[in-house]
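The structure appears below as structure tokens.
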Amino acid sequence: MTDTTGTGGLQVDPALRDFVADELLAGLDLEPGGFWSTVATLHERFAGRVEGLLRHRDELQGRIDAWHREHGAGDVEELEAFLTGIGYLLPPEEPQVHVTGVDREIAEVPGPQLVVPATVPRYALNAANARWGSLYDALYGTDALPLEHELARGYDERRGAQVIAEADRLLDRFCPLAGGSHADVTAYRVPAPGELAADTPAGTTGLADPAQLAGHRPADDTGGDRPAAVLLRRNGLHLELTVDPSTTVGAQHHAGVSDVLLESAVTTIVDLEDSVATVDGPDKVGAYRTWLGLRTGELTATFGKEGRTVTRAVHGDRRYVGADGGELTLPGRSLLLVRNVGHHMRLDAVRTAGGEPVLEEVLDALVSAVAALQEFRGNGRYPNTRTGSVYVVKPKMHGPDEVAVSVELLAAVEEALGMAPTTLKIGIMDEEKRTSVNLEACIARAADRVIFVNTGFLDRTGDEIHTDFEAGPVVRKDDQKAQTWLTTYEARNVDVALRAGFAGQAQIGKGMWAKPAAMREMLDTKGAHPRAGANTAWVPSPTAATLHALHYLETDVLAVQRELAQRPPADRRGLLVPPVLPDGGAGLSAEEKRHELETNAQSILGYVVRWVGLGIGCSTVPDLAGVGLMEDRATLRISSQQIANWLHHGLVDEAQVRETFARMAALVDEQNAGEPGYQPMSADLDGSPSFQAALDLVFSGRREPNGYTERALTQWRKEAKAGPRPAGGGEPRTREAVLTDQAPSPAS
């Protein structure tokens with residue numbers, strides 16, 4: 001990687017160099033040399049400032065650690081005064097956002113949001129196409145409805161009848177008829193645009209609210225009043241009754257409705273960060289290629305499924321006759337956002353002439369924007385935005401100064417590419433404590449660009465543990481949800497955003513549902529998010545998006561926001577209550593400590609063995625009880641910080657940790673026995689990069705800046721990609737060895 005010809009003096013991995021020249025810039029009036037010169041210029045402009053911000057993080061953390069060592073958890077008023085004195089806690093501001101050119105999916109339409117790794121094209125396509133989802137399929141194939149009998153092979157009519165009955169019940173709830181029930185309808189007709197007739201044994205009726213009819217799609221053949229689809233609308237979301245009596249399901253349905261499609265994943269975040277494992281040039285190319293292909297609409301994926309070859313492509317738009325008789329076109333795809341990496345990430349695949357890895361966020365931002373230029377220049381099949389905006393989600397920012405640097409970087413990219421100012425919008429992940437306590441100031445720094453704040457409670461919990469590390473041993477992981485800091489955080493995020501004018505301009509987001517198979521439980525609980533004023537929340541799959549859409553059909557989020565905007569904001573001092581055990585852990589039994597240690601060790605190993613060993617950045621990992629949970633770096637951050645904290649405060653010791661990890665390695669090996677390419681850990685713990693990465697995360701957790709996991713994961717993933725160690729793996733790595741040979745962060 002020493003050839004700098006045509007790369008602005010940078011040393012660029014050949015795979016990245018070729019991707020930029022042959023794919024990213026193809027058809028644009030940009031030259032590879034100019035692209036890489038821009039990367040070099042932006043790195044030079046921002047690297048020093050970013051390093052200063054990272055050093056300031058460490059300085060503040062050092063002072064907080066010292067205070068807690070002296071005071072323990074301390075008194076909230078005294079802690080508030082201390083944090084104010086060192087500049088951690090800033091005076092509240094009263095920002096008002098004024099963002100233009102925001103697509104209605106963000107500004108006006110509450111609904112589910114998917115997050116998908118950019119490294120897996122088939123998943124990314126599935127997410128982008130999840131704008132519309134089958135309610136029938138979501139009810140039929142999950143535990144959303146109780147399964148009262150063993151399903152027959154093929155289509156089970158008893159289950160089908162159960163699904164149809166539930167769909168009728170939901171239609172009665174969301175789009176009721178003026179008389180009778182949807183279960184009574186024998187035929188839906190559209191005698192004229194904007195008029196729905198529902199025939200029943202008792203006569204013909206219509207919608208209780210005729211304005212809910214958004215349009216229809218005429219049948220292809222007869223031209224009569226029997227439609228091929230009826231389009232309904234509630235709370236800004238659409239529902240389509242697909243009418244086709246010739247299908248198996250349509251023939252069973254009392255009115256020939258073969259499916260009910262719900263507008264589901266209104267927005268999707270294509271992730272270059274927490275859910276991917278990208279450690280080198282080829283890895284980054286795979287992620288960037290997906291984002292580019294989605295922006296142009298040219299992305300495809302071919303794969304085997306159930307013994308057949310499947311090719312997945314980007315869906316087109318959906319066309320109807322509107323209620324006014326004119327043509328109505330609705331998007332067939334989610335509005336796409338892209339999550340870039342945080343300030344702390346460097347990329348070895350691109351280095352300066354002096355060998356310094358460049359800021360990875362610089363390359364992410366530039367590639368994210370150039371891929372959108374392809375769309376803006378008409379080099380693709382389908383548009384993503386209708387307003388000409390690019391939505392960049394920015395994670396792991398600590399406070400308003402870091403938000404300001406992110407905003408300046410986006411402005412610099414716009415200038416370099418000739419984009420109009422504020423084309424690049426920013427989504428602020430509220431997942432670090434210094435951002436939470438200064439959220440008003442963070443929003444103020446991005447007042448003309450901010451299009452969401454999201455309570456990333458998983459990362460936020462990891463940062464809470466790390467920030468309060470010296471205050472005492474923290475409560476068990478599952479008990480964090482009931483802590484004062486977290487309930488304040490969830491409420492205050494909504495309060496601050498609403499007071500800043502987010503309603504009608506930006507999203508207020510809530511976190512991920514982590515149990516992909518537990519759809520009944522999700523239906524019973526996740527409705528709390530729209531009722532709390534969040535106009536979006538994360539879900540783990542297209543099916544989950546369809547079911548979660550029911551919550552937005554149930555709750556008028558915009559009306560909830562108007563009501564919540566009148567309440568006083570939650571007191572930010574609640575964020576300053578450390579989640580420590582009141583008795584220093586003395587009240588925990590040996591069994592409780594053992595179970596907590598096992599739970600976290602198994603979670604860490606289950607995730608790390610896939611990240612390090614297989615390059616899988618996000619997956620469903622079975623827990624101790626075998627329940628599949630969605631895991632990414634955020635969950636890893638919590639678990640590793642939890643054990644590191646208890647180890648530091650003496651609730652567990654090193655011998656217990658090592659013995660527990662060894663036992664859990666055997667369990668995780670058993671859980672992954674059928675995974676193609678899986679390398680068991682327990683056969684040679686000392687020689688397993690995955691196992692050593694897990695220990696590294698825990699034993700370096702106290703010293704790891706902000707408790708982040710990327711340094712350890714990247715180091716050990718590179719070792720795994722380099723090939724297996726010699727048999728035996730050499731001498732065991734002690735805790736001291738791990739701490740002394742770890743690669744220092746740029747801020748150290």
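In the structure tokens, each chain is lettered A, B, ... as it comes, each chain's residues begin at 1, and ligands are numbered from 1 in order of appearance.
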Next item on the list: Write down as a PyMOL selection string the residues belonging to stretch 510-710 of chain A that are assigned strand (DSSP E or B) by DSSP computed on the backbone.
Entry: chain A and resi 510+536-539+580+619-622+628-631
Store the residues picked out above in a file with C-alpha atoms, as a CSV table (one decimal), in the first residue's frame.
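Okay, this is what ended up in again_29.csv:
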chain,number,residue,atom,x,y,z
A,510,LYS,CA,-36.3,5.2,20.6
A,536,THR,CA,-39.9,6.3,15.3
A,537,ALA,CA,-38.4,3.4,17.1
A,538,TRP,CA,-36.0,0.7,16.0
A,539,VAL,CA,-37.0,-2.9,15.1
A,580,VAL,CA,-24.6,1.8,41.9
A,619,SER,CA,-26.6,-11.2,14.6
A,620,THR,CA,-29.1,-13.0,16.8
A,621,VAL,CA,-27.1,-14.6,19.6
A,622,PRO,CA,-28.7,-17.1,22.0
A,628,GLY,CA,-32.2,-15.3,20.6
A,629,LEU,CA,-31.2,-11.7,21.2
A,630,MET,CA,-30.0,-9.1,18.7
A,631,GLU,CA,-26.4,-8.2,19.6
Note to self: Set the distance at 10 Å and use only C-alpha atoms: which residues neighbour A:Pro176 once local chain neighbours fewer than 5 positions away are removed? I'd like the list as an MDAnalysis selection string.
What the structure shows: chainID A and resid 168:171 181:182 206:210 212
Keeping N, CA and C atoms, export the residues of the selection given above as an mmCIF file, in the first residue's frame.
data_model
loop_
_atom_site.group_PDB
_atom_site.id
_atom_site.type_symbol
_atom_site.label_atom_id
_atom_site.label_comp_id
_atom_site.auth_asym_id
_atom_site.auth_seq_id
_atom_site.Cartn_x
_atom_site.Cartn_y
_atom_site.Cartn_z
ATOM 1 N N ASP A 168 -59.334 -8.673 10.231
ATOM 2 C CA ASP A 168 -60.639 -8.012 10.277
ATOM 3 C C ASP A 168 -60.790 -7.197 11.560
ATOM 4 N N ARG A 169 -60.350 -7.764 12.677
ATOM 5 C CA ARG A 169 -60.446 -7.052 13.955
ATOM 6 C C ARG A 169 -59.623 -5.761 13.923
ATOM 7 N N LEU A 170 -58.433 -5.840 13.356
ATOM 8 C CA LEU A 170 -57.579 -4.663 13.278
ATOM 9 C C LEU A 170 -58.159 -3.610 12.330
ATOM 10 N N LEU A 171 -58.735 -4.056 11.234
ATOM 11 C CA LEU A 171 -59.373 -3.110 10.316
ATOM 12 C C LEU A 171 -60.549 -2.418 10.986
ATOM 13 N N SER A 181 -69.123 -4.896 10.441
ATOM 14 C CA SER A 181 -67.704 -5.196 10.614
ATOM 15 C C SER A 181 -67.080 -5.573 9.280
ATOM 16 N N HIS A 182 -65.766 -5.376 9.175
ATOM 17 C CA HIS A 182 -65.056 -5.859 7.990
ATOM 18 C C HIS A 182 -65.203 -7.365 7.846
ATOM 19 N N GLY A 206 -70.168 1.954 3.977
ATOM 20 C CA GLY A 206 -68.895 2.557 3.603
ATOM 21 C C GLY A 206 -68.042 2.780 4.834
ATOM 22 N N LEU A 207 -66.985 3.541 4.685
ATOM 23 C CA LEU A 207 -66.123 3.836 5.818
ATOM 24 C C LEU A 207 -66.799 4.818 6.759
ATOM 25 N N ALA A 208 -66.580 4.637 8.057
ATOM 26 C CA ALA A 208 -67.101 5.589 9.030
ATOM 27 C C ALA A 208 -66.519 6.973 8.783
ATOM 28 N N ASP A 209 -65.263 7.004 8.372
ATOM 29 C CA ASP A 209 -64.611 8.256 7.983
ATOM 30 C C ASP A 209 -64.198 8.122 6.515
ATOM 31 N N PRO A 210 -65.026 8.619 5.603
ATOM 32 C CA PRO A 210 -64.714 8.448 4.169
ATOM 33 C C PRO A 210 -63.357 8.997 3.773
ATOM 34 N N GLN A 212 -60.645 8.379 5.013
ATOM 35 C CA GLN A 212 -59.609 7.363 5.150
ATOM 36 C C GLN A 212 -59.333 6.625 3.844
#
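The smallest atom-to-atom distance between A:Ala197 and any of A:Pro227, A:Gly615, A:Pro400, A:Pro218, using only C-alpha atoms, is found for A:Pro227.
With distances restricted to only C-alpha atoms, A:Gln507 is the closest residue to A:Gly427 from A:Gln507, A:Asn384, A:Ser389, A:Ser541.
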Margin query: Using only C-alpha atoms, which protein or nucleic acid residues come within 8 Å of stretch 598-611 of chain A? Drop anything in the same chain fewer than 6 positions from it, and give the result as a list in words.
Written below: Ala277, Gly617, Cys618, Ser619, Val621, Pro622, Asp623, Leu624, Glu631, Asp632, Leu636, Ser639, Ser640, Gln642, Ile643, Thr660, Phe661, Met664, Ala665, Leu667, Val668, Ser690, Phe691, Ala693, Ala694, Leu713 and Arg717 of chain A
Go ahead and save the picked residues with C-alpha atoms, as a compact mmCIF listing (two decimals), in the first residue's frame.
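Saved to again_19.txt:
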# COMPACT_ATOMS: atom_id res chain seq x y z
CA ALA A 277 -17.24 -5.72 11.17
CA GLY A 617 -21.08 -7.47 13.01
CA CYS A 618 -24.68 -8.03 14.08
CA SER A 619 -26.58 -11.24 14.61
CA VAL A 621 -27.11 -14.56 19.64
CA PRO A 622 -28.71 -17.14 21.97
CA ASP A 623 -28.55 -16.15 25.64
CA LEU A 624 -27.99 -18.55 28.54
CA GLU A 631 -26.41 -8.23 19.61
CA ASP A 632 -24.13 -5.50 18.31
CA LEU A 636 -21.05 -5.84 23.97
CA SER A 639 -21.58 -6.56 29.17
CA SER A 640 -17.84 -5.92 29.11
CA GLN A 642 -20.41 -4.59 33.69
CA ILE A 643 -17.84 -7.31 34.38
CA THR A 660 -16.45 -18.48 33.86
CA PHE A 661 -15.30 -17.45 30.39
CA MET A 664 -19.12 -20.23 28.69
CA ALA A 665 -16.80 -20.77 25.71
CA LEU A 667 -21.49 -23.47 25.80
CA VAL A 668 -21.11 -20.91 23.00
CA SER A 690 -12.16 -14.72 19.69
CA PHE A 691 -11.64 -15.92 23.24
CA ALA A 693 -10.69 -10.69 22.43
CA ALA A 694 -13.38 -11.40 25.01
CA LEU A 713 -12.44 -6.19 18.20
CA ARG A 717 -10.29 -9.63 13.96
Every residue of stretch 571-670 of chain A that DSSP places in helix (DSSP H, G or I), as an mmCIF file with N, CA and C atoms, in the first residue's frame:
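Everything below was put into result-v4.cif:
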data_model
loop_
_atom_site.group_PDB
_atom_site.id
_atom_site.type_symbol
_atom_site.label_atom_id
_atom_site.label_comp_id
_atom_site.auth_asym_id
_atom_site.auth_seq_id
_atom_site.Cartn_x
_atom_site.Cartn_y
_atom_site.Cartn_z
ATOM 1 N N ARG A 572 -32.829 17.455 34.661
ATOM 2 C CA ARG A 572 -31.625 16.766 34.209
ATOM 3 C C ARG A 572 -30.769 16.268 35.360
ATOM 4 N N ARG A 573 -31.032 16.726 36.571
ATOM 5 C CA ARG A 573 -30.281 16.199 37.700
ATOM 6 C C ARG A 573 -30.536 14.717 37.907
ATOM 7 N N GLY A 574 -31.664 14.234 37.382
ATOM 8 C CA GLY A 574 -31.907 12.794 37.447
ATOM 9 C C GLY A 574 -30.882 11.995 36.680
ATOM 10 N N LEU A 575 -30.260 12.628 35.679
ATOM 11 C CA LEU A 575 -29.218 11.955 34.906
ATOM 12 C C LEU A 575 -27.930 11.785 35.695
ATOM 13 N N LEU A 576 -27.831 12.468 36.830
ATOM 14 C CA LEU A 576 -26.588 12.467 37.594
ATOM 15 C C LEU A 576 -26.601 11.462 38.744
ATOM 16 N N ALA A 590 -23.981 -15.053 46.493
ATOM 17 C CA ALA A 590 -22.989 -15.654 45.605
ATOM 18 C C ALA A 590 -23.649 -16.144 44.325
ATOM 19 N N GLU A 591 -24.884 -16.668 44.437
ATOM 20 C CA GLU A 591 -25.597 -17.161 43.258
ATOM 21 C C GLU A 591 -25.956 -16.016 42.318
ATOM 22 N N GLU A 592 -26.379 -14.887 42.865
ATOM 23 C CA GLU A 592 -26.713 -13.735 42.028
ATOM 24 C C GLU A 592 -25.481 -13.223 41.295
ATOM 25 N N LYS A 593 -24.353 -13.175 41.973
ATOM 26 C CA LYS A 593 -23.127 -12.723 41.321
ATOM 27 C C LYS A 593 -22.676 -13.725 40.256
ATOM 28 N N ARG A 594 -22.788 -14.995 40.564
ATOM 29 C CA ARG A 594 -22.413 -16.020 39.581
ATOM 30 C C ARG A 594 -23.273 -15.904 38.327
ATOM 31 N N HIS A 595 -24.585 -15.742 38.509
ATOM 32 C CA HIS A 595 -25.481 -15.675 37.359
ATOM 33 C C HIS A 595 -25.203 -14.435 36.511
ATOM 34 N N GLU A 596 -24.959 -13.300 37.176
ATOM 35 C CA GLU A 596 -24.665 -12.079 36.417
ATOM 36 C C GLU A 596 -23.378 -12.231 35.621
ATOM 37 N N LEU A 597 -22.381 -12.826 36.239
ATOM 38 C CA LEU A 597 -21.110 -13.029 35.549
ATOM 39 C C LEU A 597 -21.283 -13.969 34.365
ATOM 40 N N GLU A 598 -22.014 -15.052 34.560
ATOM 41 C CA GLU A 598 -22.232 -16.004 33.471
ATOM 42 C C GLU A 598 -23.032 -15.374 32.337
ATOM 43 N N THR A 599 -24.066 -14.626 32.684
ATOM 44 C CA THR A 599 -24.902 -14.004 31.659
ATOM 45 C C THR A 599 -24.088 -13.069 30.768
ATOM 46 N N ASN A 600 -23.280 -12.236 31.386
ATOM 47 C CA ASN A 600 -22.494 -11.284 30.614
ATOM 48 C C ASN A 600 -21.365 -11.953 29.850
ATOM 49 N N ALA A 601 -20.704 -12.942 30.461
ATOM 50 C CA ALA A 601 -19.620 -13.638 29.768
ATOM 51 C C ALA A 601 -20.145 -14.378 28.547
ATOM 52 N N GLN A 602 -21.286 -15.039 28.698
ATOM 53 C CA GLN A 602 -21.862 -15.763 27.567
ATOM 54 C C GLN A 602 -22.284 -14.811 26.460
ATOM 55 N N SER A 603 -22.827 -13.654 26.840
ATOM 56 C CA SER A 603 -23.224 -12.659 25.852
ATOM 57 C C SER A 603 -22.014 -12.129 25.098
ATOM 58 N N ILE A 604 -20.955 -11.819 25.825
ATOM 59 C CA ILE A 604 -19.733 -11.317 25.193
ATOM 60 C C ILE A 604 -19.181 -12.342 24.215
ATOM 61 N N LEU A 605 -19.030 -13.571 24.663
ATOM 62 C CA LEU A 605 -18.451 -14.610 23.808
ATOM 63 C C LEU A 605 -19.334 -14.903 22.599
ATOM 64 N N GLY A 606 -20.651 -14.944 22.817
ATOM 65 C CA GLY A 606 -21.560 -15.241 21.715
ATOM 66 C C GLY A 606 -21.474 -14.219 20.599
ATOM 67 N N TYR A 607 -21.240 -12.967 20.965
ATOM 68 C CA TYR A 607 -21.102 -11.920 19.958
ATOM 69 C C TYR A 607 -19.696 -11.882 19.375
ATOM 70 N N VAL A 608 -18.684 -11.914 20.249
ATOM 71 C CA VAL A 608 -17.307 -11.749 19.795
ATOM 72 C C VAL A 608 -16.878 -12.886 18.880
ATOM 73 N N VAL A 609 -17.321 -14.100 19.141
ATOM 74 C CA VAL A 609 -16.871 -15.225 18.327
ATOM 75 C C VAL A 609 -17.354 -15.081 16.879
ATOM 76 N N ARG A 610 -18.442 -14.374 16.682
ATOM 77 C CA ARG A 610 -18.930 -14.125 15.322
ATOM 78 C C ARG A 610 -18.220 -12.915 14.705
ATOM 79 N N TRP A 611 -18.010 -11.877 15.508
ATOM 80 C CA TRP A 611 -17.353 -10.668 14.999
ATOM 81 C C TRP A 611 -15.911 -10.975 14.623
ATOM 82 N N VAL A 612 -15.185 -11.569 15.554
ATOM 83 C CA VAL A 612 -13.762 -11.827 15.336
ATOM 84 C C VAL A 612 -13.552 -13.014 14.407
ATOM 85 N N GLY A 613 -14.286 -14.082 14.627
ATOM 86 C CA GLY A 613 -14.052 -15.299 13.870
ATOM 87 C C GLY A 613 -14.664 -15.321 12.489
ATOM 88 N N LEU A 614 -15.829 -14.669 12.334
ATOM 89 C CA LEU A 614 -16.568 -14.770 11.074
ATOM 90 C C LEU A 614 -16.796 -13.416 10.397
ATOM 91 N N ARG A 633 -22.315 -3.993 18.843
ATOM 92 C CA ARG A 633 -21.258 -3.490 19.719
ATOM 93 C C ARG A 633 -21.810 -2.790 20.955
ATOM 94 N N ALA A 634 -23.016 -2.274 20.874
ATOM 95 C CA ALA A 634 -23.592 -1.587 22.028
ATOM 96 C C ALA A 634 -23.858 -2.568 23.164
ATOM 97 N N THR A 635 -24.435 -3.720 22.864
ATOM 98 C CA THR A 635 -24.674 -4.719 23.906
ATOM 99 C C THR A 635 -23.351 -5.252 24.442
ATOM 100 N N LEU A 636 -22.367 -5.386 23.543
ATOM 101 C CA LEU A 636 -21.045 -5.835 23.968
ATOM 102 C C LEU A 636 -20.419 -4.833 24.938
ATOM 103 N N ARG A 637 -20.620 -3.557 24.666
ATOM 104 C CA ARG A 637 -20.070 -2.508 25.532
ATOM 105 C C ARG A 637 -20.648 -2.613 26.945
ATOM 106 N N ILE A 638 -21.960 -2.844 27.045
ATOM 107 C CA ILE A 638 -22.576 -2.978 28.365
ATOM 108 C C ILE A 638 -21.989 -4.165 29.116
ATOM 109 N N SER A 639 -21.994 -5.332 28.483
ATOM 110 C CA SER A 639 -21.584 -6.557 29.174
ATOM 111 C C SER A 639 -20.126 -6.493 29.615
ATOM 112 N N SER A 640 -19.251 -5.976 28.749
ATOM 113 C CA SER A 640 -17.838 -5.921 29.108
ATOM 114 C C SER A 640 -17.599 -4.901 30.208
ATOM 115 N N GLN A 641 -18.295 -3.769 30.159
ATOM 116 C CA GLN A 641 -18.143 -2.779 31.215
ATOM 117 C C GLN A 641 -18.719 -3.275 32.545
ATOM 118 N N GLN A 642 -19.795 -4.040 32.468
ATOM 119 C CA GLN A 642 -20.407 -4.589 33.687
ATOM 120 C C GLN A 642 -19.414 -5.476 34.435
ATOM 121 N N ILE A 643 -18.796 -6.415 33.720
ATOM 122 C CA ILE A 643 -17.840 -7.309 34.376
ATOM 123 C C ILE A 643 -16.614 -6.537 34.828
ATOM 124 N N ALA A 644 -16.107 -5.631 33.994
ATOM 125 C CA ALA A 644 -14.929 -4.860 34.360
ATOM 126 C C ALA A 644 -15.176 -4.047 35.627
ATOM 127 N N ASN A 645 -16.380 -3.494 35.763
ATOM 128 C CA ASN A 645 -16.719 -2.710 36.947
ATOM 129 C C ASN A 645 -16.754 -3.592 38.193
ATOM 130 N N TRP A 646 -17.405 -4.730 38.091
ATOM 131 C CA TRP A 646 -17.474 -5.629 39.250
ATOM 132 C C TRP A 646 -16.092 -6.174 39.602
ATOM 133 N N LEU A 647 -15.279 -6.421 38.592
ATOM 134 C CA LEU A 647 -13.918 -6.889 38.841
ATOM 135 C C LEU A 647 -13.125 -5.808 39.589
ATOM 136 N N HIS A 648 -13.258 -4.578 39.168
ATOM 137 C CA HIS A 648 -12.524 -3.469 39.789
ATOM 138 C C HIS A 648 -12.926 -3.287 41.249
ATOM 139 N N GLU A 654 -10.346 -12.148 39.320
ATOM 140 C CA GLU A 654 -9.832 -12.554 38.013
ATOM 141 C C GLU A 654 -9.986 -14.045 37.779
ATOM 142 N N ALA A 655 -9.728 -14.840 38.802
ATOM 143 C CA ALA A 655 -9.846 -16.290 38.640
ATOM 144 C C ALA A 655 -11.280 -16.684 38.288
ATOM 145 N N GLN A 656 -12.261 -16.056 38.962
ATOM 146 C CA GLN A 656 -13.663 -16.333 38.640
ATOM 147 C C GLN A 656 -13.981 -15.959 37.197
ATOM 148 N N VAL A 657 -13.485 -14.800 36.780
ATOM 149 C CA VAL A 657 -13.761 -14.339 35.426
ATOM 150 C C VAL A 657 -13.191 -15.305 34.405
ATOM 151 N N ARG A 658 -11.937 -15.702 34.585
ATOM 152 C CA ARG A 658 -11.316 -16.618 33.623
ATOM 153 C C ARG A 658 -12.021 -17.971 33.612
ATOM 154 N N GLU A 659 -12.355 -18.481 34.780
ATOM 155 C CA GLU A 659 -13.019 -19.789 34.844
ATOM 156 C C GLU A 659 -14.397 -19.723 34.199
ATOM 157 N N THR A 660 -15.116 -18.620 34.445
ATOM 158 C CA THR A 660 -16.453 -18.475 33.858
ATOM 159 C C THR A 660 -16.373 -18.364 32.337
ATOM 160 N N PHE A 661 -15.449 -17.577 31.841
ATOM 161 C CA PHE A 661 -15.302 -17.446 30.393
ATOM 162 C C PHE A 661 -14.952 -18.788 29.755
ATOM 163 N N ALA A 662 -14.126 -19.571 30.421
ATOM 164 C CA ALA A 662 -13.770 -20.881 29.868
ATOM 165 C C ALA A 662 -15.002 -21.784 29.780
ATOM 166 N N ARG A 663 -15.826 -21.793 30.823
ATOM 167 C CA ARG A 663 -17.048 -22.604 30.787
ATOM 168 C C ARG A 663 -18.022 -22.104 29.731
ATOM 169 N N MET A 664 -18.189 -20.782 29.656
ATOM 170 C CA MET A 664 -19.122 -20.228 28.690
ATOM 171 C C MET A 664 -18.638 -20.429 27.252
ATOM 172 N N ALA A 665 -17.322 -20.510 27.056
ATOM 173 C CA ALA A 665 -16.801 -20.773 25.710
ATOM 174 C C ALA A 665 -17.286 -22.115 25.199
ATOM 175 N N ALA A 666 -17.303 -23.118 26.079
ATOM 176 C CA ALA A 666 -17.796 -24.436 25.673
ATOM 177 C C ALA A 666 -19.278 -24.371 25.316
ATOM 178 N N LEU A 667 -20.059 -23.607 26.097
ATOM 179 C CA LEU A 667 -21.486 -23.465 25.800
ATOM 180 C C LEU A 667 -21.700 -22.747 24.475
ATOM 181 N N VAL A 668 -20.968 -21.663 24.249
ATOM 182 C CA VAL A 668 -21.113 -20.910 23.002
ATOM 183 C C VAL A 668 -20.683 -21.763 21.812
ATOM 184 N N ASP A 669 -19.634 -22.560 21.971
ATOM 185 C CA ASP A 669 -19.241 -23.486 20.902
ATOM 186 C C ASP A 669 -20.385 -24.427 20.560
ATOM 187 N N GLU A 670 -21.046 -24.932 21.585
ATOM 188 C CA GLU A 670 -22.173 -25.847 21.363
ATOM 189 C C GLU A 670 -23.317 -25.132 20.652
#
Closest contacts (stretch 301-358 of chain A/stretch 123-138 of chain A, max 9 Å, only C-alpha atoms) as a Markdown table:
| residue | atom | partner | partner_atom | distance |
| --- | --- | --- | --- | --- |
| A:Ala301 | CA | A:Leu125 | CA | 7.9 |
| A:Arg312 | CA | A:Leu125 | CA | 7.0 |
| A:Ala313 | CA | A:Leu125 | CA | 6.6 |
| A:Val314 | CA | A:Leu125 | CA | 6.3 |
| A:His315 | CA | A:Asn129 | CA | 5.9 |
| A:Gly316 | CA | A:Asn129 | CA | 9.0 |
| A:Pro331 | CA | A:Arg131 | CA | 7.8 |
| A:Gly332 | CA | A:Arg131 | CA | 6.2 |
| A:Arg333 | CA | A:Asn129 | CA | 4.9 |
| A:Ser334 | CA | A:Arg131 | CA | 4.8 |
| A:Leu335 | CA | A:Ala128 | CA | 7.7 |
| A:Leu336 | CA | A:Ala128 | CA | 7.3 |
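Of the residues under consideration (A:Leu272, A:Ala500, A:Thr546, A:Glu356), A:Thr546 shows the shortest atom-to-atom contact distance to A:Leu139 when counting only C-alpha atoms.
The spacing separating atom CA of A:Arg377 from atom CA of A:Leu363 amounts to 21.0 Å.
Distance-wise, atom CA of A:Leu337 and atom CA of A:Leu553 end up 23.1 Å apart.
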With only C-alpha atoms counted and 12 Å as the cut-off, give the residues of stretch 98-128 of chain A in contact with stretch 520-533 of chain A, each with its shortest interatomic distance in Å and the pair that gives it, as a tab-separated table.
residue	atom	partner	partner_atom	distance
A:Val109	CA	A:Pro530	CA	12.0
A:Pro110	CA	A:Pro530	CA	8.3
A:Gly111	CA	A:Pro530	CA	8.7
A:Pro112	CA	A:Pro530	CA	9.9
Residue subset to file, keeping C-alpha atoms, as a short mmCIF file (atom, residue, chain, number, x, y, z; two decimals), in the first residue's frame:
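Final file, selection_3.cif:
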data_model
loop_
_atom_site.label_atom_id
_atom_site.label_comp_id
_atom_site.auth_asym_id
_atom_site.auth_seq_id
_atom_site.Cartn_x
_atom_site.Cartn_y
_atom_site.Cartn_z
CA VAL A 109 -44.89 10.32 9.11
CA PRO A 110 -44.37 8.44 12.38
CA GLY A 111 -43.43 4.82 11.86
CA PRO A 112 -40.90 2.05 12.45
#
Next item on the list: Extract, using only C-alpha atoms, all DNA, RNA and protein residues at most 9 Å from A:Ala187, discarding same-chain residues fewer than 2 positions from it, and format them as number ranges by chain.
Entry: A: 185, 189, 197-200, 226, 254-257
Selection to disk with N, CA and C atoms, as a short mmCIF file (atom, residue, chain, number, x, y, z; two decimals), in the first residue's frame:
data_model
loop_
_atom_site.label_atom_id
_atom_site.label_comp_id
_atom_site.auth_asym_id
_atom_site.auth_seq_id
_atom_site.Cartn_x
_atom_site.Cartn_y
_atom_site.Cartn_z
N VAL A 185 -68.00 -8.28 5.38
CA VAL A 185 -67.96 -7.82 3.99
C VAL A 185 -67.82 -9.01 3.04
N ARG A 189 -66.03 -2.54 -3.19
CA ARG A 189 -66.18 -1.92 -4.50
C ARG A 189 -65.80 -0.45 -4.42
N ALA A 197 -67.42 1.24 -1.30
CA ALA A 197 -68.65 0.53 -0.96
C ALA A 197 -68.29 -0.85 -0.45
N ALA A 198 -68.80 -1.22 0.71
CA ALA A 198 -68.54 -2.54 1.28
C ALA A 198 -69.87 -3.28 1.35
N ASP A 199 -69.98 -4.33 0.56
CA ASP A 199 -71.21 -5.11 0.53
C ASP A 199 -71.22 -6.11 1.67
N THR A 200 -72.35 -6.16 2.40
CA THR A 200 -72.52 -7.12 3.50
C THR A 200 -73.90 -7.75 3.37
N ARG A 226 -65.01 -3.37 -9.14
CA ARG A 226 -64.26 -4.26 -8.26
C ARG A 226 -62.78 -3.94 -8.36
N HIS A 254 -63.50 -13.95 2.96
CA HIS A 254 -64.91 -13.70 2.69
C HIS A 254 -65.14 -12.60 1.66
N ALA A 255 -64.15 -11.76 1.38
CA ALA A 255 -64.30 -10.72 0.35
C ALA A 255 -63.18 -10.80 -0.68
N GLY A 256 -62.47 -11.92 -0.72
CA GLY A 256 -61.43 -12.10 -1.72
C GLY A 256 -60.15 -11.34 -1.44
N VAL A 257 -59.93 -10.86 -0.20
CA VAL A 257 -58.73 -10.10 0.14
C VAL A 257 -57.57 -11.09 0.34
#
